[in-house]
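Okay, start24.tsv now, which holds TSV, C-alpha atoms and all ligand atoms:
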chain	number	residue	atom	x	y	z
J	1	MET	CA	32.28	17.90	-13.99
J	2	LEU	CA	31.10	20.12	-11.19
J	3	THR	CA	30.52	18.36	-7.93
J	4	LEU	CA	27.03	18.54	-6.51
J	5	SER	CA	28.06	20.71	-3.56
J	6	PHE	CA	29.89	23.15	-5.84
J	7	LYS	CA	26.81	23.41	-8.06
J	8	CYS	CA	24.86	24.15	-4.91
J	9	LEU	CA	27.19	27.01	-4.09
J	10	LEU	CA	26.64	28.41	-7.56
J	11	ILE	CA	22.88	28.17	-7.59
J	12	GLY	CA	22.66	28.96	-3.92
J	13	LEU	CA	19.06	29.29	-2.94
J	14	LEU	CA	17.75	26.49	-5.12
J	15	CYS	CA	19.65	23.96	-3.07
J	16	LEU	CA	17.85	25.03	0.08
J	17	TYR	CA	14.89	23.12	-1.27
J	18	PRO	CA	15.64	19.54	-0.32
J	19	LYS	CA	13.48	18.19	-3.11
J	20	ALA	CA	15.37	15.28	-4.67
J	21	GLU	CA	15.52	15.10	-8.43
J	22	PHE	CA	14.11	12.22	-10.41
J	23	PRO	CA	17.00	9.80	-10.92
J	24	ASN	CA	18.99	10.06	-14.16
J	25	GLU	CA	19.35	6.29	-14.22
J	26	PRO	CA	17.37	4.51	-15.36
J	27	LYS	CA	15.84	6.92	-17.88
J	28	PRO	CA	12.05	7.31	-17.58
J	29	CYS	CA	10.24	4.88	-19.88
J	30	LYS	CA	7.61	5.69	-22.46
J	31	TYR	CA	4.06	5.08	-21.26
J	32	GLY	CA	3.21	1.39	-21.48
J	33	ASP	CA	6.67	0.34	-22.70
J	34	SER	CA	6.75	-3.08	-21.01
J	35	GLU	CA	10.34	-3.93	-21.93
J	36	CYS	CA	11.67	-0.64	-20.62
J	37	ILE	CA	9.56	-0.85	-17.43
J	38	LYS	CA	10.85	-4.41	-16.88
J	39	GLU	CA	14.43	-3.14	-17.03
J	40	ALA	CA	13.67	-0.24	-14.71
J	41	THR	CA	11.98	-2.56	-12.20
J	42	ASN	CA	15.02	-4.87	-12.29
J	43	TYR	CA	17.31	-1.90	-11.80
J	44	PHE	CA	15.56	-0.78	-8.62
J	45	LEU	CA	15.18	-4.31	-7.20
J	46	HIS	CA	18.83	-5.13	-7.82
J	47	LYS	CA	19.95	-1.97	-6.02
J	48	LYS	CA	19.15	-3.60	-2.66
J	49	GLU	CA	19.54	-0.39	-0.67
J	50	GLY	CA	16.48	1.26	-2.20
J	51	ASP	CA	16.36	4.73	-3.71
J	52	ASN	CA	15.24	7.89	-1.94
J	53	SER	CA	14.68	9.66	-5.22
J	54	ILE	CA	11.59	7.50	-5.77
J	55	ASN	CA	10.72	6.86	-2.09
J	56	LEU	CA	11.83	3.23	-2.36
J	57	PRO	CA	12.97	1.68	0.93
J	58	PRO	CA	15.75	-0.93	1.04
J	59	VAL	CA	14.46	-4.05	-0.74
J	60	ASP	CA	17.04	-6.62	0.35
J	61	PRO	CA	16.71	-7.18	3.17
J	62	LEU	CA	13.22	-5.75	3.18
J	63	LEU	CA	12.04	-4.84	6.68
J	64	PRO	CA	8.26	-5.09	6.78
J	65	THR	CA	6.22	-4.05	9.78
J	66	LYS	CA	4.29	-6.91	11.35
J	67	ILE	CA	2.99	-9.62	9.02
J	68	GLN	CA	-0.21	-11.30	10.19
J	69	ILE	CA	-1.44	-14.46	8.50
J	70	SER	CA	-4.87	-15.49	9.72
J	71	GLN	CA	-6.82	-18.39	8.31
J	72	GLY	CA	-10.37	-18.80	9.53
J	73	ALA	CA	-12.08	-21.68	11.28
J	74	ASP	CA	-13.78	-22.88	8.09
J	75	SER	CA	-10.49	-24.35	6.83
J	76	PRO	CA	-8.61	-27.55	7.78
J	77	VAL	CA	-5.69	-25.21	8.36
J	78	ASN	CA	-7.00	-22.89	11.04
J	79	ILE	CA	-4.10	-20.83	12.31
J	80	ASP	CA	-2.85	-17.41	13.24
J	81	ILE	CA	0.76	-16.62	12.47
J	82	ALA	CA	2.24	-13.28	13.55
J	83	LEU	CA	5.68	-12.47	12.16
J	84	THR	CA	7.55	-9.58	13.80
J	85	ASN	CA	11.10	-8.16	13.57
J	86	SER	CA	11.15	-9.78	10.16
J	87	LYS	CA	13.58	-9.38	7.35
J	88	ILE	CA	12.77	-10.66	3.91
J	89	VAL	CA	15.97	-11.77	2.22
J	90	GLY	CA	16.46	-12.43	-1.49
J	91	LEU	CA	14.28	-9.95	-3.35
J	92	SER	CA	17.29	-8.37	-5.07
J	93	LYS	CA	17.68	-11.58	-7.08
J	94	ALA	CA	14.25	-11.03	-8.63
J	95	LEU	CA	13.84	-10.87	-12.38
J	96	THR	CA	10.85	-9.09	-13.81
J	97	THR	CA	9.03	-11.47	-16.11
J	98	LYS	CA	5.91	-9.56	-17.12
J	99	VAL	CA	4.68	-5.97	-17.13
J	100	LYS	CA	1.27	-4.74	-18.28
J	101	GLY	CA	-0.38	-1.34	-18.08
J	102	PHE	CA	1.41	1.84	-17.00
J	103	GLY	CA	-0.09	3.67	-19.96
J	104	LYS	CA	-1.14	7.30	-19.95
J	105	ASP	CA	-4.46	6.44	-18.32
J	106	LEU	CA	-3.48	5.63	-14.75
J	107	THR	CA	-6.93	4.21	-13.93
J	108	GLN	CA	-6.43	1.14	-16.11
J	109	LYS	CA	-5.11	-2.17	-14.78
J	110	HIS	CA	-1.39	-2.38	-14.08
J	111	SER	CA	0.41	-5.61	-13.40
J	112	VAL	CA	3.98	-6.73	-12.68
J	113	SER	CA	5.34	-10.27	-12.20
J	114	VAL	CA	8.76	-11.07	-10.84
J	115	LYS	CA	10.44	-14.41	-10.34
J	116	VAL	CA	12.98	-14.98	-7.58
J	117	PRO	CA	15.22	-17.91	-8.52
J	118	GLY	CA	16.34	-19.77	-5.38
J	119	PRO	CA	15.28	-18.86	-1.85
J	120	LEU	CA	13.21	-15.89	-0.68
J	121	SER	CA	13.25	-16.13	3.14
J	122	ILE	CA	11.26	-14.39	5.84
J	123	ILE	CA	13.40	-14.51	8.94
J	124	GLY	CA	12.42	-13.20	12.34
J	125	ASP	CA	10.18	-13.84	15.35
J	126	TYR	CA	6.91	-15.74	15.16
J	127	VAL	CA	3.93	-16.53	17.30
J	128	ILE	CA	1.72	-19.33	16.00
J	129	SER	CA	-1.42	-21.00	17.28
J	130	GLY	CA	-4.20	-23.09	15.84
J	131	LYS	CA	-4.62	-26.32	14.01
J	132	VAL	CA	-2.96	-27.72	10.88
J	133	LEU	CA	-4.84	-30.57	9.19
J	134	ILE	CA	-6.17	-31.84	12.57
J	135	LEU	CA	-2.86	-31.36	14.46
J	136	PRO	CA	-2.73	-28.60	17.05
J	137	ILE	CA	0.20	-26.23	16.67
J	138	GLN	CA	1.43	-23.65	19.13
J	139	GLY	CA	4.65	-21.82	19.83
J	140	GLU	CA	6.75	-18.72	19.64
J	141	GLY	CA	10.38	-18.10	18.81
J	142	LYS	CA	12.55	-17.69	15.73
J	143	SER	CA	11.33	-18.72	12.32
J	144	ASN	CA	12.52	-19.00	8.76
J	145	ILE	CA	9.85	-19.38	6.10
J	146	THR	CA	11.44	-19.82	2.70
J	147	PHE	CA	9.70	-19.66	-0.66
J	148	VAL	CA	11.75	-21.41	-3.33
J	149	ASP	CA	11.66	-20.27	-6.98
J	150	VAL	CA	8.70	-18.06	-6.25
J	151	THR	CA	6.80	-15.97	-8.78
J	152	ILE	CA	5.14	-12.89	-7.29
J	153	THR	CA	2.50	-11.02	-9.25
J	154	VAL	CA	0.94	-7.75	-8.22
J	155	ASP	CA	-1.91	-6.04	-10.01
J	156	PHE	CA	-3.85	-2.89	-9.25
J	157	THR	CA	-5.66	0.04	-10.80
J	158	GLY	CA	-4.84	3.66	-10.12
J	159	THR	CA	-7.07	6.39	-8.85
J	160	PRO	CA	-6.08	10.00	-9.56
J	161	VAL	CA	-5.22	12.30	-6.66
J	162	GLU	CA	-5.04	15.94	-7.70
J	163	LYS	CA	-2.37	18.08	-6.08
J	164	ASP	CA	-0.92	21.52	-6.86
J	165	ASP	CA	1.86	20.13	-9.00
J	166	GLY	CA	-0.09	17.49	-10.88
J	167	THR	CA	-2.02	14.24	-10.80
J	168	TYR	CA	-0.69	11.52	-8.52
J	169	MET	CA	-1.58	7.82	-8.65
J	170	LYS	CA	-3.01	6.09	-5.61
J	171	LEU	CA	-3.33	2.31	-5.78
J	172	GLU	CA	-6.73	0.62	-5.70
J	173	ASN	CA	-7.99	-2.96	-6.20
J	174	PHE	CA	-4.58	-4.22	-5.18
J	175	HIS	CA	-3.86	-7.96	-5.36
J	176	LEU	CA	-0.68	-9.89	-4.79
J	177	HIS	CA	-0.26	-13.52	-5.69
J	178	VAL	CA	2.60	-15.75	-4.54
J	179	GLU	CA	3.32	-18.93	-6.51
J	180	PRO	CA	6.28	-20.86	-5.05
J	181	LYS	CA	7.78	-24.08	-6.38
J	182	PHE	CA	7.82	-25.17	-2.76
J	183	ILE	CA	7.98	-23.77	0.77
J	184	ILE	CA	10.38	-24.65	3.59
J	185	TYR	CA	9.10	-23.96	7.11
J	186	LYS	CA	11.37	-23.78	10.15
J	187	PHE	CA	9.80	-22.81	13.46
J	188	ASP	CA	12.21	-23.01	16.42
J	189	ASN	CA	10.87	-23.60	19.91
J	190	LEU	CA	7.43	-24.93	19.03
J	191	PHE	CA	5.37	-26.37	21.91
J	192	ASN	CA	7.34	-24.47	24.58
J	193	GLY	CA	10.60	-25.93	23.33
J	194	ASP	CA	9.59	-29.60	23.32
J	195	LYS	CA	12.18	-30.73	20.78
J	196	ALA	CA	10.61	-34.02	19.72
J	197	LEU	CA	7.18	-32.45	19.15
J	198	GLY	CA	8.73	-29.44	17.44
J	199	ASP	CA	10.90	-31.49	15.09
J	200	ASN	CA	7.93	-33.66	14.17
J	201	MET	CA	5.75	-30.66	13.48
J	202	ASN	CA	8.38	-28.99	11.26
J	203	LYS	CA	8.73	-32.25	9.36
J	204	PHE	CA	4.96	-32.52	9.03
J	205	LEU	CA	4.67	-28.93	7.76
J	206	ASN	CA	7.37	-29.47	5.15
J	207	GLU	CA	6.01	-32.83	3.98
J	208	ASN	CA	2.56	-31.32	3.62
J	209	TRP	CA	3.56	-27.85	2.45
J	210	LYS	CA	1.40	-28.11	-0.66
J	211	GLU	CA	-1.87	-29.03	1.05
J	212	ILE	CA	-1.17	-26.41	3.71
J	213	ASN	CA	-0.42	-23.81	1.07
J	214	ASN	CA	-3.67	-24.58	-0.76
J	215	GLU	CA	-5.48	-23.57	2.42
J	216	LEU	CA	-3.20	-20.71	3.42
J	217	ARG	CA	-2.49	-19.12	0.06
J	218	ASP	CA	-5.23	-16.48	0.15
J	219	SER	CA	-4.19	-15.37	3.64
J	220	ILE	CA	-0.53	-15.31	2.58
J	221	ASP	CA	-1.40	-13.21	-0.48
J	222	VAL	CA	-3.34	-10.74	1.66
J	223	ALA	CA	-0.57	-10.49	4.27
J	224	PHE	CA	2.26	-9.90	1.80
J	225	GLY	CA	0.00	-7.84	-0.42
J	226	ALA	CA	-0.37	-5.31	2.39
J	227	VAL	CA	3.43	-4.98	2.56
J	228	ALA	CA	3.83	-4.57	-1.21
J	229	LYS	CA	0.92	-2.13	-1.53
J	230	ASP	CA	2.42	0.22	1.05
J	231	ILE	CA	5.76	0.23	-0.73
J	232	ILE	CA	4.38	0.82	-4.22
J	233	ASN	CA	1.92	3.47	-3.00
J	234	HIS	CA	4.79	5.25	-1.30
J	235	VAL	CA	6.82	5.25	-4.54
J	236	TYR	CA	3.96	6.98	-6.35
J	237	THR	CA	3.54	9.66	-3.68
J	238	LYS	CA	6.92	11.11	-4.67
J	239	TYR	CA	5.96	12.66	-8.01
J	240	PRO	CA	2.93	13.17	-10.21
J	241	TYR	CA	2.29	10.04	-12.29
J	242	ALA	CA	3.37	11.72	-15.53
J	243	LYS	CA	6.83	12.38	-14.12
J	244	TYR	CA	7.63	8.65	-14.10
J	245	PHE	CA	7.27	8.48	-17.88
J	246	ASN	CA	8.31	10.10	-21.12
J	247	GLU	CA	5.76	11.00	-23.75
Q	1	LIG	C1	16.44	-20.05	5.85
Q	1	LIG	O1	16.11	-21.27	5.22
Q	1	LIG	C2	16.62	-21.44	3.90
Q	1	LIG	C3	16.08	-22.74	3.33
Q	1	LIG	O2	16.35	-23.81	4.16
Q	1	LIG	C4	18.14	-21.38	3.93
Q	1	LIG	O3	18.64	-21.47	2.60
Q	1	LIG	C5	18.58	-20.08	4.57
Q	1	LIG	O4	20.00	-20.08	4.71
Q	1	LIG	C6	17.95	-19.89	5.94
Q	1	LIG	N1	18.30	-18.58	6.44
Q	1	LIG	C7	18.73	-18.37	7.69
Q	1	LIG	C8	19.14	-17.00	8.04
Q	1	LIG	O5	18.75	-19.27	8.51
Can I see the file as structure tokens?
Ligand SMILES: *[C@@H]1O[C@H](CO)[C@@H](O)[C@H](O)[C@H]1NC(C)=O
Amino acid sequence: MLTLSFKCLLIGLLCLYPKAEFPNEPKPCKYGDSECIKEATNYFLHKKEGDNSINLPPVDPLLPTKIQISQGADSPVNIDIALTNSKIVGLSKALTTKVKGFGKDLTQKHSVSVKVPGPLSIIGDYVISGKVLILPIQGEGKSNITFVDVTITVDFTGTPVEKDDGTYMKLENFHLHVEPKFIIYKFDNLFNGDKALGDNMNKFLNENWKEINNELRDSIDVAFGAVAKDIINHVYTKYPYAKYFNE
């Protein structure tokens, strides 16, 4: 086997173009081959460190830019949560449970569901303010929000973007839905570090996670949807859509 650098010496000029090749592993799937696309999705999620050859950033930990969860005044849970310097830990344990779409027509609906057995934690800095089921909440500090046994589903349609080398897919009508078995909240330093109030509030949040989630779920879906949409869009800016598949 020739090493890559030796091949570069041989073909010289070609290697001056830093264009990465489509990865050999996993092999491109046939259009719409759900089983194959499931395996490929697992492969890339389990790699943790991401893959430059398809513009995929590290997935575990995943380092999102700011996550903003805002739930309006018309809800019994009326809060703003800003999460910064976050890392999302656990995504590499995900198993792809369902794949639809990804046929030749990129404008149809595509959908992928993954299940993360065990914890998926968002760890970092938080600022929170508002009201949770009549109780005021306020604070900033370190937080750990953990979704246990969560199923995450994304669906979207594609819109074609014509470039010199082919037709690229840009994501439209993007939705993400998070369905956890339960949620564990841990906000350190609530109420300016008043330990008794803070402990009580954390206990209250965890005992009432379900009611709170019923109110917050749409805002959570939107916030994490923005993160996922950026990542998937970026993957599809690497090559024309057809290059991800075999005929
Ligand atoms: C976050 O919380 C979960 C659930 O309690 C726990 O399993 C995990 O170890 C915590 N992570 C950190 C970094 O504290």
| query | Mind pulling up the distance from CA of Asn206 in chain J to CA of Ser143 in chain J? | reply |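 Distance reported for this atom pair: 13.5 Å.
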Give me, as a CSV table (one decimal) with C-alpha atoms, in the frame of the given file, all polymer residues having an atom no more than 8 Å from Val154 in chain J, counting all atoms listed in the file and skipping those fewer than 2 positions away in the same chain.
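Writing done, so here's selection.csv:
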chain,number,residue,atom,x,y,z
J,111,SER,CA,0.4,-5.6,-13.4
J,112,VAL,CA,4.0,-6.7,-12.7
J,113,SER,CA,5.3,-10.3,-12.2
J,152,ILE,CA,5.1,-12.9,-7.3
J,156,PHE,CA,-3.8,-2.9,-9.2
J,174,PHE,CA,-4.6,-4.2,-5.2
J,175,HIS,CA,-3.9,-8.0,-5.4
J,176,LEU,CA,-0.7,-9.9,-4.8
J,177,HIS,CA,-0.3,-13.5,-5.7
J,225,GLY,CA,0.0,-7.8,-0.4
| task | Using only C-alpha atoms and all ligand atoms, pick whichever of J:Glu35, J:Asp155, J:Asp194, J:Asp125 has the shortest atom-to-atom distance to ligand LIG 1 (chain Q). | result |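 Closest to ligand LIG 1 (chain Q) of all the choices is J:Asp125.
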| message | How would you report the residues lying within 9 Å of ligand LIG 1 (chain Q), as JSON, numbers by chain, if you count all atoms listed in the file? | response | {"J": [89, 118, 119, 120, 121, 122, 123, 124, 143, 144, 145, 146, 147, 148, 183, 184, 185, 186]}
| For CA of Asp165 in chain J and CA of Leu106 in chain J, the interatomic separation in Å (one decimal) | 16.5 Å
| request: Counting only C-alpha atoms, find the residues whose atoms lie at most 10 Å from (0.4, 2.4, -21.1) (file coordinates) and write them out as a list in words. | output: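 Residues with an atom at most 10 Å from (0.4, 2.4, -21.1): Lys30, Tyr31, Gly32, Asp33, Ser34, Lys100, Gly101, Phe102, Gly103, Lys104, Asp105, Leu106, Gln108, Lys109, His110 and Phe245 of chain J.
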| What is the CA of Asp60 in chain J to CA of Ile88 in chain J distance in Å? |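 Those two atoms sit 6.9 Å apart.
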